[in-house]
Protein chains: 2
Amino acid sequence: MQSSKQTAVSQVAFLSVQDVLDLVSRVGIESFIKGLANTIEDDFKRWAQFDKSPRFAAHSPEGVIELMPTSDGQRFSFKYVNGHPKNTLLGLQTVTAFGVLADVDSGYPVLLSEMTLLTALRTGATSALMATYLAPANSTCMALIGNGAQSEFQAFAFRTLLGINTLRLYDVDTNASKKCQANLIQYGFDVTICTSPEQALVGADIITTCTADKRNATILTTDMVKDGVHVNAIGGDCPGKAEIDKALLLRADVFVEYEEQTRIEGDIQQLAADFPVIEMHNVIAGHTAGRTTQTQLTIFDGVGFATEDFSALCYVHKLMKQYLSVKELELIARPDEPRNLFGLFKAHNQTCKVA
Amino acid sequence: MQSSKQTAVSQVAFLSVQDVLDLVSRVGIESFIKGLANTIEDDFKRWAQFDKSPRFAAHSPEGVIELMPTSDGQRFSFKYVNGHPKNTLLGLQTVTAFGVLADVDSGYPVLLSEMTLLTALRTGATSALMATYLAPANSTCMALIGNGAQSEFQAFAFRTLLGINTLRLYDVDTNASKKCQANLIQYGFDVTICTSPEQALVGADIITTCTADKRNATILTTDMVKDGVHVNAIGGDCPGKAEIDKALLLRADVFVEYEEQTRIEGDIQQLAADFPVIEMHNVIAGHTAGRTTQTQLTIFDGVGFATEDFSALCYVHKLMKQYLSVKELELIARPDEPRNLFGLFKAHNQTCKVA
């Protein structure tokens, strides 16, 4: 039975939700984020090697389901991800995800992984990575506006990569801020809950906005933000969903992941198509400057790009072998003779009759 | 532990390769194909309800990896499928696949299934379904050119839907024909192995071509094919891969699944963009005639479309509950409080310390 299964099936490694919780706990969340950010950075440095396209999106009245494929010519990955803001009313996640890594030469998948947690981790890692190029020197304090599922991951990533330990929280729902505070203070963060966005910005070197409403909600207006700060705007990430006042964008130097996608999904969807933006791979590779002066207002208009998920999948695929006992899924049929796919039925029926 | 897992994870039903073998064996392959063809037909009848787009394709020197998404507004599906003709030299399948069915309202996946077997089954079911509208009345004999992994599924589908029991096989590799014959004769098919395509066509009412080379290989030329037959041409299914002589196409009435995709991938890629074709949903819904005379030469230029995979996933999702003990995957994180995704780490660490 075992031997018949081995010949009939090509195994695909599987990382469940519990496996990712295990993996991150064993590695340590800050070490995990550091390694992930390094992988994302290395992949941005070889940007030209990746096939890039805006994601495929199926919109419905309640939300969106997206497929985000990319490839570096050796490995192919895609992520399935949804965005349904009203899900929280039903006790479900706004964003859930899973992804697959495959071998380009054979076309065979090699890893299926949960990506709800991995997306949260890679989004934090990406934001903080970009901020290492864009945030003012010696930043110590971050305003965190929107204290939902993504907020703690931003906090850990910014502490890991930039040493930010002081957080000023604001959310329209104080319960969200309290949840975020409770999660973070036990890890030694210095956390203040604020009663307005304005109050949250006091003393902040970095402003992170990660709100979830699927509408153009202006979280930051231009009069609220002083020169010299870095705005990490990651909540405006689909058509009709923005967080940043147009006038604030016009004042700033705006940095993006992949211009073609961000024009559709990012906060810059509010601006003319020729508003100048800088793709971060140019900054990371050293072709273009990031922050050049202490008074510069920088904005990272982050929407999340397929290469970041590729990086995350490659990273956990490597790590899991070291830290976990790898589980496998019988996802791909593998008959002894490739052209004899039908023969699997015969082999199966014989096995069943014998058993 | 059990209760902690239940709250932390939203389960996704999983159909492995063995599960599909079990399911088809329990239902019986002909009953399974009949039910599948009915589902595909019903979905073609409500064609307008589906989101349709040509598939996403990532081409590489050795093959192609494709994502095929669609939705009827209530359910969303996609299939991952590769096509790597040289894989057989490595003992791997040319085509492997898996797919996901999801709920549009929440964006949550509900089923992950192997689709190497399901693709073979739905391809056979689709070909035979189309032939019920296009093949000459009282067909009894089919030429089957290309005797690889798809061939037996074509045979079973045409017997199930059209009563075809006489098969004339041809393949450039006689071992493939012998494999196909050995698989089919035990099920009562009347099978003859032929030494040339011309010989295979003798007496055939229907000609099925399902060869796998990724190049323009002219399997059928116009002088080989007499009026009145139906050609089921399914091997020419990606850019640069065709089976049917241009002159033969020009002589025939050509039927397709989704014109926009078939212009890119089908045998009609050899013809001008305004060469007239008929989409099969129009025939199935009764808006357009299929075959109208006994002398008409009809060609179904099949490439496989996303709605057929949607139909297959919905079909097995319904059937599996009846025939199998459903397995579930911990693919989607589900914290008690949706905004407290990070809290899963805390809960996990506490569980691990207790254990």
# chains A, B, ... in the order shown; residues from 1 in each chain; ligands from 1
call {"tool": "residues_around", "arguments": {"residues": "range 62-67 of chain B", "least_positions_apart": "5", "cutoff": "8 Å", "atoms": "only C-alpha atoms", "output": "count of residues only"}}
result
16
call {"tool": "residues_around", "arguments": {"residues": "Phe98 in chain B", "least_positions_apart": "2", "cutoff": "10 Å", "atoms": "only C-alpha atoms", "output": "list of chain:residue names"}}
result
A:Pro109, A:Leu331, A:Ile332, A:Ala333, B:Leu15, B:Ser16, B:Val17, B:Phe78, B:Lys79, B:Tyr80, B:Val81, B:Asn82, B:Thr96, B:Val100, B:Leu112, B:Ser113, B:Glu114, B:Met115, B:Thr116, B:Leu117, B:Leu118, B:Thr119, B:Asp309
call {"tool": "write_last_selection", "arguments": {"atoms": "N, CA, C and O atoms", "output": "PDB file, in the first residue's frame"}}
result
ATOM      1  N   PRO A 109       4.573  21.781  -8.616  1.00  0.00           N
ATOM      2  CA  PRO A 109       4.577  22.530  -7.355  1.00  0.00           C
ATOM      3  C   PRO A 109       5.463  21.815  -6.333  1.00  0.00           C
ATOM      4  O   PRO A 109       5.517  20.580  -6.320  1.00  0.00           O
ATOM      5  N   LEU A 331      -0.825  15.732  -3.723  1.00  0.00           N
ATOM      6  CA  LEU A 331      -1.522  16.676  -4.592  1.00  0.00           C
ATOM      7  C   LEU A 331      -1.335  16.366  -6.075  1.00  0.00           C
ATOM      8  O   LEU A 331      -2.164  16.717  -6.900  1.00  0.00           O
ATOM      9  N   ILE A 332      -0.222  15.713  -6.408  1.00  0.00           N
ATOM     10  CA  ILE A 332       0.136  15.524  -7.821  1.00  0.00           C
ATOM     11  C   ILE A 332       0.254  14.033  -8.149  1.00  0.00           C
ATOM     12  O   ILE A 332       1.068  13.326  -7.559  1.00  0.00           O
ATOM     13  N   ALA A 333      -0.543  13.593  -9.106  1.00  0.00           N
ATOM     14  CA  ALA A 333      -0.504  12.195  -9.537  1.00  0.00           C
ATOM     15  C   ALA A 333       0.838  11.890 -10.198  1.00  0.00           C
ATOM     16  O   ALA A 333       1.378  12.723 -10.932  1.00  0.00           O
TER      17      ALA A 333
ATOM     18  N   LEU B  15      -9.031  17.158  -1.412  1.00  0.00           N
ATOM     19  CA  LEU B  15      -9.174  15.953  -2.230  1.00  0.00           C
ATOM     20  C   LEU B  15      -7.808  15.596  -2.797  1.00  0.00           C
ATOM     21  O   LEU B  15      -7.318  16.270  -3.709  1.00  0.00           O
ATOM     22  N   SER B  16      -7.208  14.545  -2.265  1.00  0.00           N
ATOM     23  CA  SER B  16      -5.895  14.108  -2.752  1.00  0.00           C
ATOM     24  C   SER B  16      -6.051  13.260  -4.016  1.00  0.00           C
ATOM     25  O   SER B  16      -7.169  12.937  -4.442  1.00  0.00           O
ATOM     26  N   VAL B  17      -4.925  12.878  -4.587  1.00  0.00           N
ATOM     27  CA  VAL B  17      -4.943  11.977  -5.743  1.00  0.00           C
ATOM     28  C   VAL B  17      -5.675  10.679  -5.385  1.00  0.00           C
ATOM     29  O   VAL B  17      -6.539  10.214  -6.144  1.00  0.00           O
ATOM     30  N   PHE B  78      -9.995  28.519  -9.408  1.00  0.00           N
ATOM     31  CA  PHE B  78      -8.870  28.610 -10.327  1.00  0.00           C
ATOM     32  C   PHE B  78      -8.186  27.261 -10.367  1.00  0.00           C
ATOM     33  O   PHE B  78      -8.283  26.467  -9.434  1.00  0.00           O
ATOM     34  N   LYS B  79      -7.519  27.031 -11.468  1.00  0.00           N
ATOM     35  CA  LYS B  79      -6.696  25.832 -11.609  1.00  0.00           C
ATOM     36  C   LYS B  79      -5.271  26.261 -11.890  1.00  0.00           C
ATOM     37  O   LYS B  79      -5.026  27.201 -12.644  1.00  0.00           O
ATOM     38  N   TYR B  80      -4.338  25.586 -11.245  1.00  0.00           N
ATOM     39  CA  TYR B  80      -2.915  25.684 -11.584  1.00  0.00           C
ATOM     40  C   TYR B  80      -2.642  24.498 -12.497  1.00  0.00           C
ATOM     41  O   TYR B  80      -2.972  23.360 -12.140  1.00  0.00           O
ATOM     42  N   VAL B  81      -2.065  24.745 -13.653  1.00  0.00           N
ATOM     43  CA  VAL B  81      -1.767  23.623 -14.556  1.00  0.00           C
ATOM     44  C   VAL B  81      -0.469  23.914 -15.306  1.00  0.00           C
ATOM     45  O   VAL B  81      -0.206  25.061 -15.693  1.00  0.00           O
ATOM     46  N   ASN B  82       0.358  22.881 -15.455  1.00  0.00           N
ATOM     47  CA  ASN B  82       1.565  23.070 -16.250  1.00  0.00           C
ATOM     48  C   ASN B  82       1.461  22.232 -17.527  1.00  0.00           C
ATOM     49  O   ASN B  82       0.637  21.322 -17.623  1.00  0.00           O
ATOM     50  N   THR B  96       0.259  18.411 -15.151  1.00  0.00           N
ATOM     51  CA  THR B  96      -0.241  18.154 -13.798  1.00  0.00           C
ATOM     52  C   THR B  96      -1.066  19.365 -13.392  1.00  0.00           C
ATOM     53  O   THR B  96      -0.904  20.452 -13.948  1.00  0.00           O
ATOM     54  N   VAL B 100      -8.638  25.096  -6.823  1.00  0.00           N
ATOM     55  CA  VAL B 100      -9.269  25.589  -5.600  1.00  0.00           C
ATOM     56  C   VAL B 100     -10.641  26.163  -5.926  1.00  0.00           C
ATOM     57  O   VAL B 100     -10.818  26.840  -6.944  1.00  0.00           O
ATOM     58  N   LEU B 112      -9.580  22.363  -1.827  1.00  0.00           N
ATOM     59  CA  LEU B 112      -8.346  22.220  -2.609  1.00  0.00           C
ATOM     60  C   LEU B 112      -8.364  20.810  -3.159  1.00  0.00           C
ATOM     61  O   LEU B 112      -8.529  19.859  -2.394  1.00  0.00           O
ATOM     62  N   SER B 113      -8.201  20.667  -4.460  1.00  0.00           N
ATOM     63  CA  SER B 113      -8.250  19.334  -5.060  1.00  0.00           C
ATOM     64  C   SER B 113      -7.108  19.116  -6.040  1.00  0.00           C
ATOM     65  O   SER B 113      -6.700  20.039  -6.746  1.00  0.00           O
ATOM     66  N   GLU B 114      -6.610  17.887  -6.055  1.00  0.00           N
ATOM     67  CA  GLU B 114      -5.757  17.478  -7.170  1.00  0.00           C
ATOM     68  C   GLU B 114      -6.587  17.681  -8.431  1.00  0.00           C
ATOM     69  O   GLU B 114      -7.825  17.541  -8.417  1.00  0.00           O
ATOM     70  N   MET B 115      -5.937  18.035  -9.538  1.00  0.00           N
ATOM     71  CA  MET B 115      -6.693  18.143 -10.787  1.00  0.00           C
ATOM     72  C   MET B 115      -5.965  17.518 -11.974  1.00  0.00           C
ATOM     73  O   MET B 115      -6.373  17.747 -13.109  1.00  0.00           O
ATOM     74  N   THR B 116      -4.917  16.744 -11.737  1.00  0.00           N
ATOM     75  CA  THR B 116      -4.314  16.026 -12.864  1.00  0.00           C
ATOM     76  C   THR B 116      -5.348  15.030 -13.398  1.00  0.00           C
ATOM     77  O   THR B 116      -5.647  15.014 -14.606  1.00  0.00           O
ATOM     78  N   LEU B 117      -5.901  14.240 -12.488  1.00  0.00           N
ATOM     79  CA  LEU B 117      -6.948  13.298 -12.892  1.00  0.00           C
ATOM     80  C   LEU B 117      -8.226  14.037 -13.300  1.00  0.00           C
ATOM     81  O   LEU B 117      -8.850  13.702 -14.315  1.00  0.00           O
ATOM     82  N   LEU B 118      -8.603  15.044 -12.516  1.00  0.00           N
ATOM     83  CA  LEU B 118      -9.851  15.756 -12.841  1.00  0.00           C
ATOM     84  C   LEU B 118      -9.766  16.475 -14.185  1.00  0.00           C
ATOM     85  O   LEU B 118     -10.761  16.567 -14.905  1.00  0.00           O
ATOM     86  N   THR B 119      -8.583  16.985 -14.528  1.00  0.00           N
ATOM     87  CA  THR B 119      -8.427  17.635 -15.837  1.00  0.00           C
ATOM     88  C   THR B 119      -8.590  16.609 -16.955  1.00  0.00           C
ATOM     89  O   THR B 119      -9.255  16.870 -17.965  1.00  0.00           O
ATOM     90  N   ASP B 309     -13.224  23.599 -15.482  1.00  0.00           N
ATOM     91  CA  ASP B 309     -12.587  23.251 -14.205  1.00  0.00           C
ATOM     92  C   ASP B 309     -13.480  23.663 -13.033  1.00  0.00           C
ATOM     93  O   ASP B 309     -13.565  22.960 -12.027  1.00  0.00           O
TER      94      ASP B 309
END
call {"tool": "select_by_dssp", "arguments": {"residues": "range 196-298 of chain B", "states": "strand (DSSP E or B)", "output": "number ranges by chain"}}
result
B: 206-209, 216-220, 230-233, 238, 241-244, 253-256, 278-279, 298
call {"tool": "write_last_selection", "arguments": {"atoms": "C-alpha atoms", "output": "CSV table (one decimal), in the first residue's frame"}}
result
chain,number,residue,atom,x,y,z
B,206,ILE,CA,-15.2,10.9,-35.3
B,207,ILE,CA,-11.5,11.7,-35.3
B,208,THR,CA,-9.9,12.7,-32.0
B,209,THR,CA,-6.4,14.2,-32.0
B,216,ASN,CA,3.1,22.9,-35.0
B,217,ALA,CA,2.9,19.3,-35.9
B,218,THR,CA,0.4,18.7,-38.7
B,219,ILE,CA,-1.3,15.5,-37.6
B,220,LEU,CA,-4.3,15.8,-40.0
B,230,HIS,CA,-16.4,15.3,-36.8
B,231,VAL,CA,-12.9,16.2,-35.7
B,232,ASN,CA,-12.3,16.6,-32.0
B,233,ALA,CA,-9.0,18.4,-32.0
B,238,CYS,CA,-1.1,26.6,-26.6
B,241,LYS,CA,1.2,24.1,-30.7
B,242,ALA,CA,-1.2,22.9,-33.4
B,243,GLU,CA,-2.3,19.6,-34.9
B,244,ILE,CA,-4.7,20.4,-37.8
B,253,ASP,CA,-17.3,24.6,-39.6
B,254,VAL,CA,-15.1,25.3,-36.5
B,255,PHE,CA,-16.5,25.3,-33.0
B,256,VAL,CA,-14.7,26.6,-29.9
B,278,ILE,CA,-18.9,29.4,-33.2
B,279,GLU,CA,-18.7,29.4,-29.4
B,298,THR,CA,-17.2,19.9,-38.1
call {"tool": "closest_residue", "arguments": {"among": "A:Asn38, A:Thr70, A:Gln294, A:Gln49", "to": "Arg122 in chain A", "atoms": "only C-alpha atoms"}}
result
A:Asn38
call {"tool": "closest_residue", "arguments": {"among": "A:Gly228, A:Ser325, A:Gly304, A:Tyr133", "to": "Gly286 in chain A", "atoms": "only C-alpha atoms"}}
result
A:Tyr133
call {"tool": "residues_around", "arguments": {"residues": "range 201-205 of chain A", "least_positions_apart": "2", "cutoff": "9 Å", "atoms": "only C-alpha atoms", "output": "list in words"}}
result
Ala135, Pro136, Asn138, Ser139, Thr140, Cys141, Met142, Ala143, Leu144, Thr166, Leu167, Arg168, Ser196, Pro197, Glu198, Gln199, Ile207, Met224, Val225, Gly228, Val229, His230 and Val231 of chain A
call {"tool": "write_last_selection", "arguments": {"atoms": "N, CA and C atoms", "output": "compact mmCIF listing (two decimals), in the first residue's frame"}}
result
# COMPACT_ATOMS: atom_id res chain seq x y z
N ALA A 135 13.37 56.37 6.01
CA ALA A 135 13.04 57.04 7.27
C ALA A 135 14.18 57.97 7.69
N PRO A 136 13.86 59.03 8.44
CA PRO A 136 14.92 59.92 8.92
C PRO A 136 15.90 59.16 9.83
N ASN A 138 18.13 57.99 12.87
CA ASN A 138 17.89 57.97 14.31
C ASN A 138 16.42 58.08 14.70
N SER A 139 15.55 57.54 13.88
CA SER A 139 14.12 57.50 14.23
C SER A 139 13.94 56.65 15.48
N THR A 140 13.06 57.10 16.37
CA THR A 140 12.80 56.32 17.59
C THR A 140 11.31 56.09 17.84
N CYS A 141 10.46 56.92 17.20
CA CYS A 141 9.03 56.89 17.53
C CYS A 141 8.18 56.73 16.27
N MET A 142 7.22 55.81 16.32
CA MET A 142 6.33 55.59 15.18
C MET A 142 4.87 55.73 15.59
N ALA A 143 4.12 56.52 14.79
CA ALA A 143 2.66 56.54 14.94
C ALA A 143 2.10 55.37 14.15
N LEU A 144 1.17 54.64 14.75
CA LEU A 144 0.60 53.46 14.11
C LEU A 144 -0.91 53.68 14.03
N THR A 166 9.17 52.97 20.46
CA THR A 166 8.10 53.82 20.97
C THR A 166 6.98 53.92 19.94
N LEU A 167 5.77 53.54 20.35
CA LEU A 167 4.64 53.49 19.42
C LEU A 167 3.50 54.34 19.95
N ARG A 168 2.87 55.07 19.05
CA ARG A 168 1.70 55.88 19.40
C ARG A 168 0.53 55.36 18.56
N SER A 196 -6.77 60.71 19.03
CA SER A 196 -6.99 61.28 17.69
C SER A 196 -5.75 60.98 16.85
N PRO A 197 -5.90 61.00 15.53
CA PRO A 197 -4.71 60.82 14.68
C PRO A 197 -3.68 61.91 14.97
N GLU A 198 -4.15 63.15 15.15
CA GLU A 198 -3.23 64.27 15.41
C GLU A 198 -2.36 63.99 16.63
N GLN A 199 -3.01 63.49 17.68
CA GLN A 199 -2.28 63.20 18.90
C GLN A 199 -1.25 62.08 18.67
N ILE A 207 5.27 57.53 10.31
CA ILE A 207 3.81 57.38 10.44
C ILE A 207 3.40 56.18 9.60
N MET A 224 -1.68 67.89 8.80
CA MET A 224 -1.34 67.08 9.99
C MET A 224 0.13 66.66 10.00
N VAL A 225 0.76 66.66 8.84
CA VAL A 225 2.08 66.02 8.70
C VAL A 225 3.17 67.05 8.48
N GLY A 228 9.98 66.19 6.99
CA GLY A 228 11.04 65.41 7.63
C GLY A 228 10.63 64.03 8.07
N VAL A 229 9.33 63.74 8.10
CA VAL A 229 8.91 62.40 8.54
C VAL A 229 8.84 61.45 7.34
N HIS A 230 8.73 60.18 7.67
CA HIS A 230 8.49 59.16 6.65
C HIS A 230 7.10 58.56 6.88
N VAL A 231 6.30 58.52 5.82
CA VAL A 231 4.96 57.94 5.92
C VAL A 231 4.98 56.56 5.23
call {"tool": "select_by_dssp", "arguments": {"residues": "range 30-269 of chain B", "states": "helix (DSSP H, G or I)", "output": "ChimeraX atom specification"}}
result
/B:30-45,47-49,85-90,116-134,151-162,174-185,197-201,222-224,246-251,259-265,267-269
call {"tool": "write_last_selection", "arguments": {"atoms": "C-alpha atoms", "output": "short mmCIF file (atom, residue, chain, number, x, y, z; two decimals), in the first residue's frame"}}
result
data_model
loop_
_atom_site.label_atom_id
_atom_site.label_comp_id
_atom_site.auth_asym_id
_atom_site.auth_seq_id
_atom_site.Cartn_x
_atom_site.Cartn_y
_atom_site.Cartn_z
CA GLU B 30 -18.83 6.13 -16.71
CA SER B 31 -21.34 7.44 -14.15
CA PHE B 32 -18.74 9.93 -12.96
CA ILE B 33 -18.13 11.20 -16.51
CA LYS B 34 -21.87 11.39 -17.20
CA GLY B 35 -22.50 13.53 -14.10
CA LEU B 36 -19.48 15.68 -14.88
CA ALA B 37 -20.59 16.24 -18.48
CA ASN B 38 -24.06 17.22 -17.23
CA THR B 39 -22.51 19.78 -14.86
CA ILE B 40 -20.30 21.18 -17.62
CA GLU B 41 -23.32 21.39 -19.93
CA ASP B 42 -25.44 23.17 -17.29
CA ASP B 43 -22.65 25.69 -16.71
CA PHE B 44 -22.25 26.32 -20.47
CA LYS B 45 -25.99 27.05 -20.54
CA TRP B 47 -22.32 31.19 -19.83
CA ALA B 48 -23.19 34.86 -19.32
CA GLN B 49 -22.99 34.47 -15.54
CA PRO B 85 6.23 17.90 -22.97
CA LYS B 86 9.80 16.88 -22.06
CA ASN B 87 8.73 15.85 -18.54
CA THR B 88 7.95 12.32 -19.72
CA LEU B 89 11.68 11.81 -20.36
CA LEU B 90 12.19 12.37 -16.61
CA THR B 116 -4.31 16.03 -12.86
CA LEU B 117 -6.95 13.30 -12.89
CA LEU B 118 -9.85 15.76 -12.84
CA THR B 119 -8.43 17.63 -15.84
CA ALA B 120 -8.13 14.38 -17.78
CA LEU B 121 -11.73 13.52 -16.85
CA ARG B 122 -13.18 16.95 -17.62
CA THR B 123 -11.30 17.13 -20.92
CA GLY B 124 -12.80 13.84 -21.99
CA ALA B 125 -16.25 14.87 -20.73
CA THR B 126 -16.06 18.22 -22.56
CA SER B 127 -14.96 16.65 -25.85
CA ALA B 128 -17.75 14.09 -25.75
CA LEU B 129 -20.32 16.69 -24.66
CA MET B 130 -19.43 18.89 -27.64
CA ALA B 131 -19.61 15.83 -29.91
CA THR B 132 -23.21 15.16 -28.84
CA TYR B 133 -24.00 18.40 -30.71
CA LEU B 134 -21.49 18.00 -33.55
CA SER B 151 -6.47 8.96 -24.70
CA GLU B 152 -8.34 6.51 -22.41
CA PHE B 153 -10.36 9.35 -20.90
CA GLN B 154 -11.51 10.34 -24.39
CA ALA B 155 -12.49 6.75 -25.08
CA PHE B 156 -14.58 6.40 -21.91
CA ALA B 157 -16.27 9.77 -22.39
CA PHE B 158 -17.25 9.05 -26.00
CA ARG B 159 -18.62 5.64 -25.05
CA THR B 160 -20.54 7.12 -22.12
CA LEU B 161 -22.13 9.98 -24.03
CA LEU B 162 -22.28 8.70 -27.63
CA THR B 174 3.58 2.03 -30.85
CA ASN B 175 4.18 1.43 -27.14
CA ALA B 176 1.72 4.23 -26.35
CA SER B 177 -0.92 2.54 -28.54
CA LYS B 178 -0.26 -0.80 -26.85
CA LYS B 179 -0.64 0.78 -23.41
CA CYS B 180 -3.93 2.41 -24.47
CA GLN B 181 -5.22 -0.82 -26.00
CA ALA B 182 -4.31 -2.86 -22.91
CA ASN B 183 -6.16 -0.39 -20.68
CA LEU B 184 -9.29 -0.35 -22.87
CA ILE B 185 -9.86 -3.91 -24.04
CA PRO B 197 -2.91 8.05 -39.28
CA GLU B 198 -4.52 7.31 -42.67
CA GLN B 199 -5.22 3.73 -41.64
CA ALA B 200 -6.69 4.93 -38.33
CA LEU B 201 -9.20 7.11 -40.18
CA THR B 222 -7.11 18.09 -45.58
CA ASP B 223 -6.72 15.23 -48.10
CA MET B 224 -6.88 12.67 -45.26
CA LYS B 246 -4.77 25.05 -42.06
CA ALA B 247 -6.52 23.91 -45.27
CA LEU B 248 -8.59 21.41 -43.27
CA LEU B 249 -9.73 24.15 -40.88
CA LEU B 250 -10.71 26.37 -43.82
CA ARG B 251 -12.94 23.57 -45.20
CA GLU B 259 -13.07 32.55 -28.81
CA GLU B 260 -10.67 35.02 -27.21
CA GLN B 261 -8.59 32.22 -25.68
CA THR B 262 -8.81 29.83 -28.63
CA ARG B 263 -7.53 32.50 -31.07
CA ILE B 264 -4.33 32.48 -28.97
CA GLU B 265 -4.02 28.80 -28.17
CA ASP B 267 -5.51 25.31 -33.97
CA ILE B 268 -7.17 28.46 -35.34
CA GLN B 269 -4.09 30.42 -34.22
#
call {"tool": "residues_around", "arguments": {"residues": "Met320 in chain B", "least_positions_apart": "5", "cutoff": "9 Å", "atoms": "only C-alpha atoms", "output": "mmCIF file with N, CA, C and O atoms, in the first residue's frame"}}
result
data_model
loop_
_atom_site.group_PDB
_atom_site.id
_atom_site.type_symbol
_atom_site.label_atom_id
_atom_site.label_comp_id
_atom_site.auth_asym_id
_atom_site.auth_seq_id
_atom_site.Cartn_x
_atom_site.Cartn_y
_atom_site.Cartn_z
ATOM 1 N N LEU B 15 -9.031 17.158 -1.412
ATOM 2 C CA LEU B 15 -9.174 15.953 -2.230
ATOM 3 C C LEU B 15 -7.808 15.596 -2.797
ATOM 4 O O LEU B 15 -7.318 16.270 -3.709
ATOM 5 N N ASP B 19 -7.879 10.233 -3.091
ATOM 6 C CA ASP B 19 -9.306 10.516 -2.889
ATOM 7 C C ASP B 19 -10.063 10.544 -4.214
ATOM 8 O O ASP B 19 -11.183 10.047 -4.316
ATOM 9 N N VAL B 20 -9.448 11.148 -5.228
ATOM 10 C CA VAL B 20 -10.126 11.207 -6.535
ATOM 11 C C VAL B 20 -10.199 9.819 -7.147
ATOM 12 O O VAL B 20 -11.221 9.426 -7.717
ATOM 13 N N LEU B 23 -12.990 8.191 -5.259
ATOM 14 C CA LEU B 23 -14.292 8.750 -5.620
ATOM 15 C C LEU B 23 -14.757 8.214 -6.968
ATOM 16 O O LEU B 23 -15.902 7.742 -7.113
ATOM 17 N N TYR B 315 -18.593 19.876 -8.961
ATOM 18 C CA TYR B 315 -19.125 18.508 -9.052
ATOM 19 C C TYR B 315 -18.508 17.611 -7.978
ATOM 20 O O TYR B 315 -19.226 16.932 -7.233
ATOM 21 N N SER B 325 -15.011 10.158 3.301
ATOM 22 C CA SER B 325 -14.829 10.832 4.580
ATOM 23 C C SER B 325 -13.909 12.025 4.289
ATOM 24 O O SER B 325 -12.743 11.854 3.938
ATOM 25 N N VAL B 326 -14.463 13.219 4.393
ATOM 26 C CA VAL B 326 -13.764 14.407 3.899
ATOM 27 C C VAL B 326 -12.583 14.781 4.809
ATOM 28 O O VAL B 326 -12.735 14.897 6.017
#
call {"tool": "atom_distance", "arguments": {"atom1": "CA of Pro69 in chain A", "atom2": "CA of Phe345 in chain B"}}
result
28.2 Å
call {"tool": "closest_residue", "arguments": {"among": "A:Thr288, A:Thr295, A:Asn349, A:Asn165", "to": "chain B", "atoms": "only C-alpha atoms"}}
result
A:Asn349
call {"tool": "atom_distance", "arguments": {"atom1": "CA of Thr221 in chain A", "atom2": "CA of Thr195 in chain A"}}
result
16.8 Å
call {"tool": "closest_residue", "arguments": {"among": "B:Ala97, B:Ala13, B:Cys194, B:Leu297", "to": "chain A", "atoms": "only C-alpha atoms"}}
result
B:Ala97
call {"tool": "residues_around", "arguments": {"residues": "Asp103 in chain A", "least_positions_apart": "4", "cutoff": "9 Å", "atoms": "only C-alpha atoms", "output": "list in words"}}
result
Gln74, Arg75, Phe76, Ser77, Gly107, Tyr108, Pro109 and Val110 of chain A
call {"tool": "closest_residue", "arguments": {"among": "B:Gly148, B:Gly240, B:Gly28, B:Pro54", "to": "chain A", "atoms": "only C-alpha atoms"}}
result
B:Gly148
call {"tool": "decode", "arguments": {"residues": "range 247-255 of chain A", "atoms": "N, CA and C atoms", "output": "PDB file, in the first residue's frame"}}
result
ATOM      1  N   ALA A 247      -3.279  66.136  -1.386  1.00  0.00           N
ATOM      2  CA  ALA A 247      -2.348  67.263  -1.211  1.00  0.00           C
ATOM      3  C   ALA A 247      -1.077  66.835  -0.482  1.00  0.00           C
ATOM      4  N   LEU A 248      -1.204  65.854   0.402  1.00  0.00           N
ATOM      5  CA  LEU A 248      -0.027  65.339   1.110  1.00  0.00           C
ATOM      6  C   LEU A 248       0.886  64.576   0.148  1.00  0.00           C
ATOM      7  N   LEU A 249       0.277  63.805  -0.727  1.00  0.00           N
ATOM      8  CA  LEU A 249       1.060  63.081  -1.733  1.00  0.00           C
ATOM      9  C   LEU A 249       1.825  64.047  -2.631  1.00  0.00           C
ATOM     10  N   LEU A 250       1.160  65.138  -3.014  1.00  0.00           N
ATOM     11  CA  LEU A 250       1.769  66.106  -3.934  1.00  0.00           C
ATOM     12  C   LEU A 250       2.986  66.796  -3.311  1.00  0.00           C
ATOM     13  N   ARG A 251       2.988  66.894  -1.972  1.00  0.00           N
ATOM     14  CA  ARG A 251       4.094  67.543  -1.243  1.00  0.00           C
ATOM     15  C   ARG A 251       5.320  66.628  -1.093  1.00  0.00           C
ATOM     16  N   ALA A 252       5.092  65.341  -1.274  1.00  0.00           N
ATOM     17  CA  ALA A 252       6.110  64.362  -0.847  1.00  0.00           C
ATOM     18  C   ALA A 252       6.874  63.748  -2.011  1.00  0.00           C
ATOM     19  N   ASP A 253       7.993  63.073  -1.681  1.00  0.00           N
ATOM     20  CA  ASP A 253       8.625  62.151  -2.630  1.00  0.00           C
ATOM     21  C   ASP A 253       8.001  60.787  -2.392  1.00  0.00           C
ATOM     22  N   VAL A 254       7.392  60.238  -3.448  1.00  0.00           N
ATOM     23  CA  VAL A 254       6.610  59.007  -3.292  1.00  0.00           C
ATOM     24  C   VAL A 254       7.357  57.816  -3.883  1.00  0.00           C
ATOM     25  N   PHE A 255       7.463  56.771  -3.092  1.00  0.00           N
ATOM     26  CA  PHE A 255       8.174  55.547  -3.471  1.00  0.00           C
ATOM     27  C   PHE A 255       7.178  54.389  -3.530  1.00  0.00           C
TER      28      PHE A 255
END
